[in-house]
file entry_26.txt (compact mmCIF, C-alpha atoms)
# COMPACT_ATOMS: atom_id res chain seq x y z
CA MET A 1 278.04 108.51 75.03
CA ILE A 2 279.33 109.66 78.41
CA PRO A 3 277.48 113.03 78.27
CA LEU A 4 274.24 111.13 77.55
CA PHE A 5 274.89 108.84 80.51
CA LEU A 6 275.55 111.82 82.78
CA LYS A 7 272.28 113.48 81.69
CA SER A 8 270.33 110.30 82.39
CA LEU A 9 272.07 110.00 85.76
CA LEU A 10 270.91 113.53 86.65
CA GLY A 11 267.35 112.55 85.75
CA ALA A 12 267.56 109.41 87.87
CA LEU A 13 268.91 111.39 90.82
CA ALA A 14 266.05 113.88 90.50
CA VAL A 15 263.49 111.04 90.53
CA LEU A 16 265.18 109.50 93.58
CA LEU A 17 265.16 112.84 95.39
CA ILE A 18 261.47 113.36 94.56
CA ALA A 19 260.63 109.87 95.85
CA LEU A 20 262.54 110.44 99.09
CA LEU A 21 260.99 113.86 99.67
CA ALA A 22 257.49 112.52 98.93
CA ARG A 23 257.89 110.12 101.87
CA SER A 24 259.13 112.79 104.27
CA LYS A 25 257.12 115.20 106.39
CA SER A 26 258.33 117.90 103.97
CA PHE A 27 256.64 116.07 101.06
CA PHE A 28 255.63 119.37 99.42
CA ILE A 29 259.28 120.13 98.61
CA ALA A 30 259.06 117.30 96.05
CA GLY A 31 257.17 119.82 93.89
CA LEU A 32 260.23 122.08 93.80
CA VAL A 33 262.71 119.49 92.54
CA PRO A 34 261.37 119.32 88.95
CA LEU A 35 261.83 123.07 88.71
CA PHE A 36 265.60 122.85 89.14
CA PRO A 37 266.83 124.16 85.79
CA THR A 38 268.77 121.04 84.75
CA PHE A 39 267.46 121.02 81.20
CA ALA A 40 267.35 124.81 81.01
CA LEU A 41 271.07 124.88 81.85
CA ILE A 42 271.77 122.39 79.06
CA ALA A 43 269.56 124.26 76.57
CA HIS A 44 271.00 127.65 77.48
CA TYR A 45 274.56 126.34 77.22
CA ILE A 46 273.89 124.87 73.78
CA VAL A 47 272.05 127.95 72.47
CA GLY A 48 274.58 130.31 74.08
CA SER A 49 277.54 128.47 72.58
CA GLN A 50 276.04 128.14 69.09
CA ARG A 51 274.01 131.34 68.68
CA SER A 52 274.21 135.02 69.59
CA GLY A 53 273.54 136.62 72.95
CA ALA A 54 270.31 138.04 71.52
CA ASP A 55 269.19 134.51 70.60
CA LEU A 56 269.98 133.32 74.11
CA GLN A 57 267.97 136.25 75.44
CA LYS A 58 264.98 135.21 73.28
CA THR A 59 265.37 131.65 74.52
CA ALA A 60 265.24 132.87 78.12
CA LEU A 61 262.16 134.98 77.37
CA PHE A 62 260.43 131.98 75.77
CA GLY A 63 261.36 130.02 78.91
CA LEU A 64 259.60 132.65 81.00
CA TRP A 65 256.52 132.25 78.82
CA SER A 66 256.65 128.50 79.51
CA LEU A 67 255.66 129.25 83.09
CA PHE A 68 252.09 129.89 81.89
CA PRO A 69 251.42 126.30 80.71
CA TYR A 70 253.08 124.99 83.86
CA ALA A 71 250.89 127.26 85.99
CA GLY A 72 247.85 125.94 84.10
CA TYR A 73 248.97 122.39 84.85
CA LEU A 74 249.38 123.18 88.55
CA VAL A 75 245.98 124.90 88.76
CA ALA A 76 244.36 121.83 87.18
CA VAL A 77 246.14 119.52 89.64
CA TYR A 78 245.18 121.78 92.55
CA PHE A 79 241.48 121.78 91.74
CA GLY A 80 241.27 118.28 90.28
CA SER A 81 243.06 116.55 93.15
CA VAL A 82 240.02 116.82 95.44
CA ARG A 83 237.41 116.18 92.72
CA TRP A 84 238.69 113.35 90.52
CA PRO A 85 240.79 110.19 90.77
CA LEU A 86 244.55 110.71 90.41
CA ALA A 87 244.76 109.39 86.84
CA VAL A 88 241.95 111.72 85.69
CA THR A 89 243.49 114.67 87.51
CA LEU A 90 246.90 114.14 85.93
CA GLY A 91 245.40 113.46 82.51
CA VAL A 92 243.33 116.65 82.58
CA ALA A 93 246.30 118.64 83.92
CA THR A 94 248.53 117.30 81.15
CA ALA A 95 245.92 118.18 78.53
CA VAL A 96 245.75 121.71 79.99
CA TRP A 97 249.55 121.96 79.73
CA VAL A 98 249.56 120.75 76.10
CA LEU A 99 246.78 123.13 75.04
CA MET A 100 248.38 126.09 76.79
CA ALA A 101 251.81 125.22 75.35
CA LEU A 102 250.39 125.04 71.83
CA ALA A 103 248.62 128.38 72.30
CA MET A 104 251.84 129.85 73.66
CA ILE A 105 253.84 128.65 70.64
CA VAL A 106 251.26 130.07 68.20
CA LEU A 107 251.20 133.39 70.05
CA TRP A 108 255.02 133.50 70.20
CA ALA A 109 255.26 132.85 66.45
CA ARG A 110 252.90 135.75 65.78
CA LEU A 111 254.69 138.14 68.11
CA HIS A 112 258.22 137.05 67.16
CA PRO A 113 258.01 135.83 63.53
CA ALA A 114 261.74 136.14 62.89
CA ALA A 115 262.61 134.01 65.92
CA ALA A 116 259.98 131.39 65.10
CA GLY A 117 261.22 130.95 61.54
CA ALA A 118 264.94 131.08 62.26

call {"tool": "encode", "arguments": {"input": "entry_26.txt", "output": "structure tokens"}}
result
Amino acid sequence: MIPLFLKSLLGALAVLLIALLARSKSFFIAGLVPLFPTFALIAHYIVGSQRSGADLQKTALFGLWSLFPYAGYLVAVYFGSVRWPLAVTLGVATAVWVLMALAMIVLWARLHPAAAGA
């Protein structure tokens, strides 16, 4: 129960930091905070402690691939932010992320069938 509380506390601190930065003259730094590898650290620790080094390496590679859907999301926000209302922009950007993530998973499964089925 305590580890779960600590993880939720980290999330709350990240949201607080984003809110504070968004109000500052360095508001753009708020876009960097979600990229702190909090969940990646947790995932890599769990995979690294339960699986082989090669599996951890594949997990890291898949994490690198995850930058493509995130980049698609950011491109959609960048272009949509001056064309559409905020809710539409974020909805379209999220849809772009989901579609790109699904495509990435399908492509990964085809290129790494042993890892996808393990």

call {"tool": "closest_residue", "arguments": {"input": "entry_26.txt", "among": "A:Arg110, A:Phe27, A:Leu20, A:Ser66", "to": "A:Ala40", "atoms": "only C-alpha atoms"}}
result
A:Ser66

call {"tool": "residues_around", "arguments": {"input": "entry_26.txt", "residues": "A:Leu64", "least_positions_apart": "5", "cutoff": "12 Å", "atoms": "only C-alpha atoms", "output": "list in words"}}
result
Ala40, Gln57, Lys58, Thr59, Pro69, Tyr70, Ala71, Met104 and Trp108 of chain A

call {"tool": "atom_distance", "arguments": {"input": "entry_26.txt", "atom1": "atom CA of A:Ala14", "atom2": "atom CA of A:Pro34"}}
result
7.3 Å

call {"tool": "atom_distance", "arguments": {"input": "entry_26.txt", "atom1": "atom CA of A:Ala76", "atom2": "atom CA of A:Val92"}}
result
7.0 Å

call {"tool": "closest_residue", "arguments": {"input": "entry_26.txt", "among": "A:Asp55, A:Gly72, A:Ser8, A:Ile29", "to": "A:Leu99", "atoms": "all atoms listed in the file"}}
result
A:Gly72

call {"tool": "axis_aligned_box", "arguments": {"input": "entry_26.txt", "around": "stretch 36-55 of chain A", "padding_each_side": "3 Å", "output": "AutoDock Vina command-line options"}}
result
--center_x 271.6 --center_y 129.5 --center_z 78.9 --size_x 17.9 --size_y 23.0 --size_z 26.5

call {"tool": "atom_distance", "arguments": {"input": "entry_26.txt", "atom1": "atom CA of A:Ala95", "atom2": "atom CA of A:Val82"}}
result
18.0 Å

call {"tool": "closest_residue", "arguments": {"input": "entry_26.txt", "among": "A:Gly53, A:Pro113, A:Gly11, A:Pro3", "to": "A:Phe36", "atoms": "all atoms listed in the file"}}
result
A:Gly11

call {"tool": "closest_residue", "arguments": {"input": "entry_26.txt", "among": "A:Ala93, A:Leu56, A:Leu41, A:Leu35", "to": "A:Phe79", "atoms": "all atoms listed in the file"}}
result
A:Ala93
